[in-house]
Amino acid sequence: MTKAGSKGGNLRDKLDGNELDLSLSDLNEVPVKELAALPKATVLDLSCNKLSTLPSDFCGLTHLVKLDLSKNKLQQLPADFGRLVNLQHLDLLNNRLVTLPVSFAQLKSLKWLDLKDNPLDPVLAKVAGDCLDEKQCKQCANKVLQHMKAMQADQERERQRRLEVEREAEKKREAKQRAKEAQERELRKREKAEEKERRRKEYDALKASKREQEKKPKKETNQAPKSKSGSRPRKPPPRKHTRFWAVLKLLLLLLLCVASGLVVCRVTELQQQPLCTSVNTIYDNAVQGLRSHDILQWVLQTDSQQ
């Protein structure tokens, strides 16, 4: 790959005032770094080389005023070619260009343009014209700039339209999402209310069941069968009184037995028996002990007199 530095020596040697001629140098690529080091070279001739593309950093050579790229193999210009805002004269004769970048509309200083012998898009070719003389090349520059500005405006409007469509679509998505979230909240709220109502009914049913169970024993007591005479059945005596009478009867029976045994042992022929002897002895001792008390002695005397 041939560069200007190896083909024609140092670029400074080729600099003539503000003009740098690199034409017919068999270049396959542009020595951008070397050119950037020569800001005085405002006129650059790169015609009649083998350039098929321009690097993007070529657009940083904003000091260029006149540029000749004719008779190369350029198929397209860099997208940011419009950065060459000081460019006034541009020769693109006999290349392979079909379209120009939209940024071309930013070349507001451009006064002269030649696009002949390129396979241009029919619309662009009609706008550019023939460019057979100085006047037509100036008209070409003016018309192409106006055309590219219109294209830029159309693309900007299209971009704005797409952005608006995207914003509207985003708004619709957000509205749809909000509606979905609101619907889900309403559904959860309704489910919660239904669950609360179901629990309330269960609670009421449980309370009613408890009340029925509490009323049932009272109802059965009130509906107990009446006696044949129509009067209410007598209540059975309290268990405590029944027990008291049973104990009392048992004591009376025991006293009766003791008294009977005592009478038998004292007045019958059995008083000589060992058992009666013991009973009589116990009775005599008990009587002697009781006589030591005045009241009991008085009771015994009364009983003896009777």
# chains A, B, ... in the order shown; residues from 1 in each chain; ligands from 1

$ residues_around --residues "range 30-37 of chain A" --least-positions-apart "5" --cutoff "8 Å" --atoms "only C-alpha atoms" --output "PyMOL selection string"
chain A and resi 3-4+11+51+54-55+57-58+60-61

$ write_last_selection --atoms "N, CA, C and O atoms" --output "short mmCIF file (atom, residue, chain, number, x, y, z; two decimals), in the first residue's frame"
data_model
loop_
_atom_site.label_atom_id
_atom_site.label_comp_id
_atom_site.auth_asym_id
_atom_site.auth_seq_id
_atom_site.Cartn_x
_atom_site.Cartn_y
_atom_site.Cartn_z
N LYS A 3 1.89 5.18 0.19
CA LYS A 3 1.54 6.43 0.84
C LYS A 3 2.38 7.56 0.25
O LYS A 3 3.43 7.32 -0.36
N ALA A 4 1.93 8.79 0.48
CA ALA A 4 2.65 9.93 -0.08
C ALA A 4 4.04 10.05 0.47
O ALA A 4 4.97 10.46 -0.21
N LEU A 11 5.95 15.34 3.05
CA LEU A 11 4.86 16.17 2.54
C LEU A 11 5.22 17.65 2.56
O LEU A 11 4.73 18.42 1.73
N LEU A 51 -7.89 5.87 -4.45
CA LEU A 51 -8.66 5.96 -3.20
C LEU A 51 -10.07 5.42 -3.41
O LEU A 51 -10.80 5.88 -4.29
N LEU A 54 -12.55 7.18 2.23
CA LEU A 54 -11.89 8.18 3.05
C LEU A 54 -12.12 7.82 4.51
O LEU A 54 -13.25 7.52 4.90
N PRO A 55 -11.04 7.82 5.30
CA PRO A 55 -11.23 7.50 6.73
C PRO A 55 -12.06 8.58 7.41
O PRO A 55 -12.10 9.73 6.98
N ASP A 57 -11.51 10.09 10.17
CA ASP A 57 -10.73 11.20 10.72
C ASP A 57 -10.30 12.19 9.65
O ASP A 57 -9.77 13.27 9.96
N PHE A 58 -10.52 11.85 8.36
CA PHE A 58 -10.26 12.81 7.29
C PHE A 58 -11.13 14.06 7.47
O PHE A 58 -10.72 15.17 7.10
N GLY A 60 -11.69 15.60 10.00
CA GLY A 60 -11.10 16.50 10.99
C GLY A 60 -10.20 17.55 10.37
O GLY A 60 -9.72 18.45 11.07
N LEU A 61 -9.95 17.45 9.05
CA LEU A 61 -9.10 18.43 8.36
C LEU A 61 -9.94 19.66 8.01
O LEU A 61 -10.15 20.00 6.84
#

$ residues_around --residues "Lys71 in chain A" --least-positions-apart "2" --cutoff "9 Å" --atoms "only C-alpha atoms" --output "VMD selection string"
chain A and resid 46 to 50 69 73 to 74 92 to 95

$ atom_distance --atom1 "CA of Gly129 in chain A" --atom2 "CA of His89 in chain A"
16.7 Å

$ closest_residue --among "A:Lys189, A:Arg159, A:His147, A:Arg243" --to "Pro101 in chain A" --atoms "only C-alpha atoms"
A:His147

$ select_by_dssp --residues "range 86-258 of chain A" --states "helix (DSSP H, G or I)" --output "NGL selection string"
:A and (102-106 or 122-128 or 134-222 or 239-258)

$ closest_atom_pairs --of "range 34-112 of chain A" --to "range 121-128 of chain A" --cutoff "10 Å" --atoms "only C-alpha atoms" --output "Markdown table"
| residue | atom | partner | partner_atom | distance |
| --- | --- | --- | --- | --- |
| A:Leu97 | CA | A:Asp121 | CA | 8.8 |
| A:Val98 | CA | A:Asp121 | CA | 5.4 |
| A:Thr99 | CA | A:Asp121 | CA | 6.2 |
| A:Leu100 | CA | A:Leu124 | CA | 8.7 |

$ residues_around --residues "range 132-144 of chain A" --least-positions-apart "6" --cutoff "7 Å" --atoms "only C-alpha atoms" --output "VMD selection string"
chain A and resid 110 to 114

$ closest_residue --among "A:Leu77, A:Val267, A:Val85, A:Asp26" --to "Thr62 in chain A" --atoms "only C-alpha atoms"
A:Val85

$ atom_distance --atom1 "CA of Glu19 in chain A" --atom2 "CA of His63 in chain A"
12.0 Å

$ residues_around --residues "Ala41 in chain A" --least-positions-apart "4" --cutoff "9 Å" --atoms "only C-alpha atoms" --output "PyMOL selection string"
chain A and resi 15-20+35+63-65

$ decode --residues "range 21-34 of chain A" --atoms "all heavy atoms" --output "CSV table (one decimal), in the first residue's frame"
chain,number,residue,atom,x,y,z
A,21,ASP,N,0.1,19.3,-3.4
A,21,ASP,CA,-0.3,18.5,-4.6
A,21,ASP,C,0.1,17.0,-4.3
A,21,ASP,O,1.3,16.7,-4.3
A,21,ASP,CB,0.3,19.0,-5.8
A,21,ASP,CG,-0.2,18.3,-7.1
A,21,ASP,OD1,-1.0,17.4,-6.9
A,21,ASP,OD2,0.3,18.7,-8.2
A,22,LEU,N,-0.8,16.1,-4.1
A,22,LEU,CA,-0.6,14.7,-4.0
A,22,LEU,C,-1.2,13.9,-5.1
A,22,LEU,O,-1.4,12.7,-5.0
A,22,LEU,CB,-1.1,14.2,-2.6
A,22,LEU,CG,-0.4,14.8,-1.4
A,22,LEU,CD1,-1.1,14.3,-0.1
A,22,LEU,CD2,1.1,14.6,-1.3
A,23,SER,N,-1.5,14.6,-6.2
A,23,SER,CA,-2.1,13.9,-7.3
A,23,SER,C,-1.1,13.0,-8.0
A,23,SER,O,0.1,13.2,-7.8
A,23,SER,CB,-2.6,14.9,-8.4
A,23,SER,OG,-1.5,15.7,-8.9
A,24,LEU,N,-1.6,11.9,-8.7
A,24,LEU,CA,-0.8,11.0,-9.4
A,24,LEU,C,0.3,10.4,-8.5
A,24,LEU,O,1.4,10.1,-8.9
A,24,LEU,CB,-0.1,11.7,-10.6
A,24,LEU,CG,-1.0,12.3,-11.6
A,24,LEU,CD1,-0.3,13.1,-12.7
A,24,LEU,CD2,-1.8,11.1,-12.4
A,25,SER,N,-0.1,10.1,-7.2
A,25,SER,CA,0.9,9.6,-6.2
A,25,SER,C,0.6,8.1,-6.0
A,25,SER,O,1.2,7.5,-5.1
A,25,SER,CB,0.8,10.3,-4.9
A,25,SER,OG,1.1,11.7,-5.1
A,26,ASP,N,-0.3,7.5,-6.7
A,26,ASP,CA,-0.6,6.1,-6.6
A,26,ASP,C,-1.1,5.7,-5.1
A,26,ASP,O,-0.7,4.7,-4.6
A,26,ASP,CB,0.6,5.2,-7.0
A,26,ASP,CG,0.2,3.8,-7.3
A,26,ASP,OD1,-1.0,3.6,-7.6
A,26,ASP,OD2,1.1,2.9,-7.1
A,27,LEU,N,-1.8,6.7,-4.5
A,27,LEU,CA,-2.3,6.5,-3.1
A,27,LEU,C,-3.5,5.5,-3.0
A,27,LEU,O,-4.4,5.7,-3.8
A,27,LEU,CB,-2.6,7.8,-2.5
A,27,LEU,CG,-1.5,8.8,-2.3
A,27,LEU,CD1,-2.1,10.2,-1.8
A,27,LEU,CD2,-0.5,8.3,-1.4
A,28,ASN,N,-3.4,4.6,-2.1
A,28,ASN,CA,-4.5,3.8,-1.8
A,28,ASN,C,-5.3,4.3,-0.5
A,28,ASN,O,-6.4,3.9,-0.3
A,28,ASN,CB,-4.1,2.3,-1.5
A,28,ASN,CG,-3.6,1.7,-2.8
A,28,ASN,OD1,-4.2,1.8,-3.9
A,28,ASN,ND2,-2.5,0.9,-2.7
A,29,GLU,N,-4.6,5.1,0.3
A,29,GLU,CA,-5.3,5.7,1.4
A,29,GLU,C,-4.7,7.1,1.7
A,29,GLU,O,-3.5,7.4,1.2
A,29,GLU,CB,-5.1,4.8,2.7
A,29,GLU,CG,-3.6,4.6,3.1
A,29,GLU,CD,-3.5,3.7,4.3
A,29,GLU,OE1,-4.4,2.8,4.5
A,29,GLU,OE2,-2.5,3.8,5.0
A,30,VAL,N,-5.4,7.9,2.4
A,30,VAL,CA,-5.0,9.3,2.7
A,30,VAL,C,-4.1,9.3,3.9
A,30,VAL,O,-4.5,8.8,5.0
A,30,VAL,CB,-6.2,10.2,2.8
A,30,VAL,CG1,-5.8,11.6,3.0
A,30,VAL,CG2,-7.1,10.1,1.6
A,31,PRO,N,-3.0,10.0,3.8
A,31,PRO,CA,-2.1,10.2,5.0
A,31,PRO,C,-2.7,11.3,5.9
A,31,PRO,O,-2.1,12.4,6.0
A,31,PRO,CB,-0.8,10.5,4.4
A,31,PRO,CG,-1.1,11.2,3.2
A,31,PRO,CD,-2.3,10.6,2.6
A,32,VAL,N,-3.7,10.9,6.7
A,32,VAL,CA,-4.5,11.9,7.4
A,32,VAL,C,-3.6,12.6,8.5
A,32,VAL,O,-3.6,13.8,8.7
A,32,VAL,CB,-5.7,11.3,8.1
A,32,VAL,CG1,-6.5,12.3,8.9
A,32,VAL,CG2,-6.6,10.8,7.0
A,33,LYS,N,-2.8,11.8,9.2
A,33,LYS,CA,-2.0,12.3,10.3
A,33,LYS,C,-1.0,13.3,9.8
A,33,LYS,O,-0.8,14.4,10.4
A,33,LYS,CB,-1.3,11.2,11.0
A,33,LYS,CG,-2.2,10.3,11.8
A,33,LYS,CD,-1.4,9.2,12.6
A,33,LYS,CE,-2.3,8.3,13.4
A,33,LYS,NZ,-1.6,7.3,14.2
A,34,GLU,N,-0.3,13.0,8.7
A,34,GLU,CA,0.6,14.0,8.1
A,34,GLU,C,-0.1,15.2,7.6
A,34,GLU,O,0.5,16.3,7.8
A,34,GLU,CB,1.4,13.3,6.9
A,34,GLU,CG,2.3,12.2,7.3
A,34,GLU,CD,1.6,10.8,7.5
A,34,GLU,OE1,0.4,10.8,7.5
A,34,GLU,OE2,2.3,9.8,7.7
